[in-house]
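A.B. asks: Before I ask anything, let me first share the structure, which is written out below as structure tokens.
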Amino acid sequence: MINYIVSVAIIGSVAAIFCLGVNVSWGWVGQLDLAFYAYVALGAYFVSVLELAPAVKQQNLNSSYILGLNWPFIPAVLGATALGAAGAFIVGAIALRRLRGDYIAIITASTALALAAVLSQDSSLFGGYIGLYGLPQPFNTSLHLGPRPYSYFYLGMCLVCLALVYVILEALYRSPFGRSLRAIREDDVAAAAFGRKLYWLRLRAYALGGGVGAFGGALLANYLGAWNPSSWNLIEVTLLLSAVVVGGRANSRGVIIGAVLVLSVIPEVTRLVPIVGGNADIGPAIGNILAGLLIVAVLRFRPSGLLRERRTVHTGPAVSEGITPQHRPGGAQEGVGV
Amino acid sequence: MSLFFVGVGSGLVTAAIIALSTVGMSLQYSVTRTINFAHGELMTIGAYAAYVVARHTSNVLLQGAAAVAVGGALAWAFNRLLFRPFTRRGAGALTLFVLTIAASLIVQNVLEAIFSGNFVNYPSSASAAYRVGPFRWTLTDILTMAAAVVALLALHFTIRRTKFGKAQRAVADDMTLARTTGVRARQIVDLTWVIDGGVAGLSGMLLALQVGSFTPSLGFTFLLVIFSAAIVGGIGQMYGAMAGALIVGVVMEVSAVYIPPDYKETMAFLILIVVLLLRPQGIVAALSERTVR
């Protein structure tokens, strides 16, 4: 039982990191990124090929992978995060050229579908359908922990990582960068008139979100010890969106609550649904249906989500003069207003 | 060279399926100005409806009728249950889009709960290939193209020649103006959705016939191809959609002759990216020009 709870908690904290990443693009800037799960997968794939030993050509297996650098855990995770962010940067550079929201959604969705097709079919890049396996347990060569204490350790590490991501993103949210992004979300024409470089700001936010996703993907792959095309499914990005909508867009705490509710509580509860007519998919299917209905219900009855975004009101002469935030004499006052 | 023509031949079959689905999506987009992320599910439900009927009767017309009816009904439900309640409250395009994502999730999983996530086999009689000029088609191929051509011609006459078509074009052009001149815009939008669902459902059945076995993600994975054809043709353009479908379908199948066929979808994606970079308004001059903020 305790093992079960620990594994649910580990997956839950990784899912919360994913949702915080989705929230950057979608909550802060209002651009709908449907390729997000592709960055999660990129992070997981890259951390695997950085940590694993070089691929050995096996006679009967038509599966190989690039790199194989034997890197230790921390540099591998950082490298995977950077590469995931770089991937998001490239996709974003194309997708964000057209500012219309539905175009961004179409291009990102198409990118993710195409990437999924290539990564699962190309057996020389990341092992194709077979994927990558045999990842070492992070730090356990020096810790020598048994399976159960190690899972506690891993949970602790995931929670620390979640806290780290939360703190960094909160700081960015309050920073001039975060404020400019929200300005773009509320009124991009006005933001441009006030000297904001829309494309560049949006692109940085997009790459940041992708990087957070890749970071979470790296943690997940190390926990699972393996990663292959069946570990990720594009439709899952809709579950992440659902978590963000339910929790409250642009409110990090709300997003974490939404992640726990939609990605941990609902799937674990619907696991109890009995198998009807030999259809083992019925439990997860009901969970996904609930997540979809939750999106509709929240958008209808509480569009801002469970926890509302904190409103900030900027006072002082800077507002009327339109000076860049760095030069504001009084700075911004947080938490004022309704 | 003969292989090239085999590729073109199956490209025309694929194009027929894409064209039906994309034309439906374009019609719907022209009156709602929102991309329906659950469009693939209209195809999927059409495929399953036809599959259920096909288990009882081998009559292809009945199977097609089931696909059209169920696809149309689902599209009608999308409009009535999702779009209308929210547009009435002034929801933005992005909110509507997120709703269609939720709809996609719900429909896929309802199908999974009923039929499970495993592959189902579409019962169809295997048929030999015929040589038609340089092409090689099976009876299913010819049937697929015939069904698509008939449906597209019927749509063409409906949109160009009937009173409904005139009103539909007026609503697509400017809903407020159409309303002030006495067009019943709500009914037109309703009916446009039903047509969208009907042709999408039919194309789903044709796709199922082509691939033979499928899962509840049949239409979802085909969405990339539909998007590609829609963007190439200029989104919201009925005739552009047909042209886009032809280009995407033929390029996909011809490429499969020379590179591994697993990369067909990737070809559709490449077309999409190239068109977006070089001619984002699509090949047919865009009607969306006005809607760009």
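We name chains A, B, ... following the order of the structure tokens; residues begin at 1 in each chain, and ligands are numbered from 1 as shown.
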May I have the residues within 8 Å of Leu272 (chain A) as a list in words, using only C-alpha atoms and disregarding those fewer than 3 positions away in the same chain?
C.D. replies: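 Skipping anything fewer than 3 positions along the chain leaves Glu268, Val269 and Gly283 of chain A.
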A.B. asks: For the selection you just gave me, I'd like the residues written to a file as a CSV table (one decimal), in the first residue's frame, keeping C-alpha atoms.
C.D. replies:
```
chain,number,residue,atom,x,y,z
A,268,GLU,CA,-6.5,6.5,-9.2
A,269,VAL,CA,-10.2,6.6,-8.4
A,283,GLY,CA,-11.5,2.6,-16.1
```
A.B. asks: Using DSSP assignments from the backbone, pull out every residue in region 219-318 of chain A that falls under strand (DSSP E or B) and give it to me as a VMD selection string.
C.D. replies: chain A and resid 226 to 227 276 279 313
A.B. asks: Give me the residues within 12 Å of Ile168 (chain A) as a list in words, counting only C-alpha atoms and dropping any in the same chain fewer than 6 places off.
C.D. replies: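 Near neighbours after the sequence-gap exclusion: Ile17, Leu20, Gly21, Val24, Cys161, Leu162, Arg174, Ser175, Gly178, Leu208, Val212 and Ser252 of chain A.
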A.B. asks: Keeping only N, CA and C atoms, write the selected residues as a PDB file, in the first residue's frame.
C.D. replies:
```pdb
ATOM      1  N   ILE A  17       4.807  19.286 -12.294  1.00  0.00           N
ATOM      2  CA  ILE A  17       5.847  20.035 -13.031  1.00  0.00           C
ATOM      3  C   ILE A  17       5.404  20.251 -14.477  1.00  0.00           C
ATOM      4  N   LEU A  20       2.876  23.024 -14.603  1.00  0.00           N
ATOM      5  CA  LEU A  20       3.493  24.345 -14.450  1.00  0.00           C
ATOM      6  C   LEU A  20       4.120  24.784 -15.770  1.00  0.00           C
ATOM      7  N   GLY A  21       4.671  23.834 -16.512  1.00  0.00           N
ATOM      8  CA  GLY A  21       5.241  24.166 -17.824  1.00  0.00           C
ATOM      9  C   GLY A  21       4.177  24.596 -18.812  1.00  0.00           C
ATOM     10  N   VAL A  24       3.020  28.176 -18.395  1.00  0.00           N
ATOM     11  CA  VAL A  24       3.828  29.314 -18.841  1.00  0.00           C
ATOM     12  C   VAL A  24       3.289  29.833 -20.175  1.00  0.00           C
ATOM     13  N   CYS A 161      12.429  19.118  -6.632  1.00  0.00           N
ATOM     14  CA  CYS A 161      12.434  19.659  -7.996  1.00  0.00           C
ATOM     15  C   CYS A 161      11.165  20.465  -8.267  1.00  0.00           C
ATOM     16  N   LEU A 162      10.027  19.930  -7.803  1.00  0.00           N
ATOM     17  CA  LEU A 162       8.762  20.649  -7.997  1.00  0.00           C
ATOM     18  C   LEU A 162       8.827  22.008  -7.309  1.00  0.00           C
ATOM     19  N   ARG A 174       6.653  37.215 -11.576  1.00  0.00           N
ATOM     20  CA  ARG A 174       6.632  38.567 -11.009  1.00  0.00           C
ATOM     21  C   ARG A 174       7.616  39.499 -11.693  1.00  0.00           C
ATOM     22  N   SER A 175       8.557  38.929 -12.443  1.00  0.00           N
ATOM     23  CA  SER A 175       9.624  39.746 -13.035  1.00  0.00           C
ATOM     24  C   SER A 175       9.073  40.590 -14.187  1.00  0.00           C
ATOM     25  N   GLY A 178       7.757  38.390 -16.928  1.00  0.00           N
ATOM     26  CA  GLY A 178       6.426  37.837 -16.696  1.00  0.00           C
ATOM     27  C   GLY A 178       5.338  38.878 -16.886  1.00  0.00           C
ATOM     28  N   LEU A 208      10.718  28.425 -22.634  1.00  0.00           N
ATOM     29  CA  LEU A 208      10.766  28.199 -21.187  1.00  0.00           C
ATOM     30  C   LEU A 208       9.798  27.077 -20.798  1.00  0.00           C
ATOM     31  N   VAL A 212      10.677  23.369 -19.149  1.00  0.00           N
ATOM     32  CA  VAL A 212      10.095  22.803 -17.923  1.00  0.00           C
ATOM     33  C   VAL A 212       9.528  21.407 -18.215  1.00  0.00           C
ATOM     34  N   SER A 252       0.002  29.487 -10.087  1.00  0.00           N
ATOM     35  CA  SER A 252       0.828  28.288  -9.932  1.00  0.00           C
ATOM     36  C   SER A 252       0.269  27.338  -8.891  1.00  0.00           C
TER      37      SER A 252
END
```
A.B. asks: Determine, counting only C-alpha atoms, which protein, DNA and RNA residues have an atom within 12 Å of an atom of Thr141 (chain A); residues of the same chain fewer than 5 positions away are not included. Present the result as a list in words.
C.D. replies: Pro72, Phe73, Pro136, Gly146 and Tyr150 of chain A
A.B. asks: Let me see the file: selected residues, N, CA and C atoms, as a PDB file, in the first residue's frame.
C.D. replies:
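Dumped to selection.pdb:
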```pdb
ATOM      1  N   PRO A  72      26.614  11.452 -15.766  1.00  0.00           N
ATOM      2  CA  PRO A  72      25.889  11.313 -14.499  1.00  0.00           C
ATOM      3  C   PRO A  72      24.553  12.049 -14.542  1.00  0.00           C
ATOM      4  N   PHE A  73      23.745  11.817 -13.510  1.00  0.00           N
ATOM      5  CA  PHE A  73      22.346  12.264 -13.504  1.00  0.00           C
ATOM      6  C   PHE A  73      22.180  13.771 -13.712  1.00  0.00           C
ATOM      7  N   PRO A 136      20.153   3.922 -15.407  1.00  0.00           N
ATOM      8  CA  PRO A 136      20.612   3.731 -14.027  1.00  0.00           C
ATOM      9  C   PRO A 136      19.738   4.520 -13.060  1.00  0.00           C
ATOM     10  N   GLY A 146      17.956   0.226  -0.827  1.00  0.00           N
ATOM     11  CA  GLY A 146      17.070  -0.833  -1.297  1.00  0.00           C
ATOM     12  C   GLY A 146      15.915  -0.215  -2.051  1.00  0.00           C
ATOM     13  N   TYR A 150      14.776   3.702  -1.555  1.00  0.00           N
ATOM     14  CA  TYR A 150      15.118   4.480  -2.733  1.00  0.00           C
ATOM     15  C   TYR A 150      13.901   5.206  -3.276  1.00  0.00           C
TER      16      TYR A 150
END
```
A.B. asks: When you get a sec, could you note down which chain A residues fall within 8 Å of chain B, using only C-alpha atoms, as a ChimeraX atom specification?
C.D. replies: /A:94,100-102,106-107,109-111,113-115,117-118,121,235,238,242,279-283,285-286,288-293,295-296,299-300
A.B. asks: CA of Ile257 (chain A) to CA of Trp227 (chain A): how many Å, to one decimal?
C.D. replies: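 Interatomic distance, CA of Ile257 (chain A) to CA of Trp227 (chain A): 26.8 Å.
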A.B. asks: For Tyr239 (chain B), which residue among B:Gln63, B:Arg160, B:Ser10, B:Arg179 is the nearest when counting only C-alpha atoms?
C.D. replies: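 Closest residue, counting only C-alpha atoms: B:Arg160.
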A.B. asks: Based on DSSP run over this structure's backbone, return all residues of region 4-228 of chain A in alpha helix (DSSP H), as number ranges by chain.
C.D. replies: A: 4-23, 36-51, 73-95, 101-121, 140-143, 147-174, 176-186, 188-193, 198-224
A.B. asks: Tell me which protein, DNA and RNA residues are within 10 Å of Leu240 (chain A), counting only C-alpha atoms, leaving out same-chain ones fewer than 2 positions away, and put them as a ChimeraX atom specification.
C.D. replies: /A:15-16,18-23,34,36-37,235-238,242-246,255,258-259,262-263,291
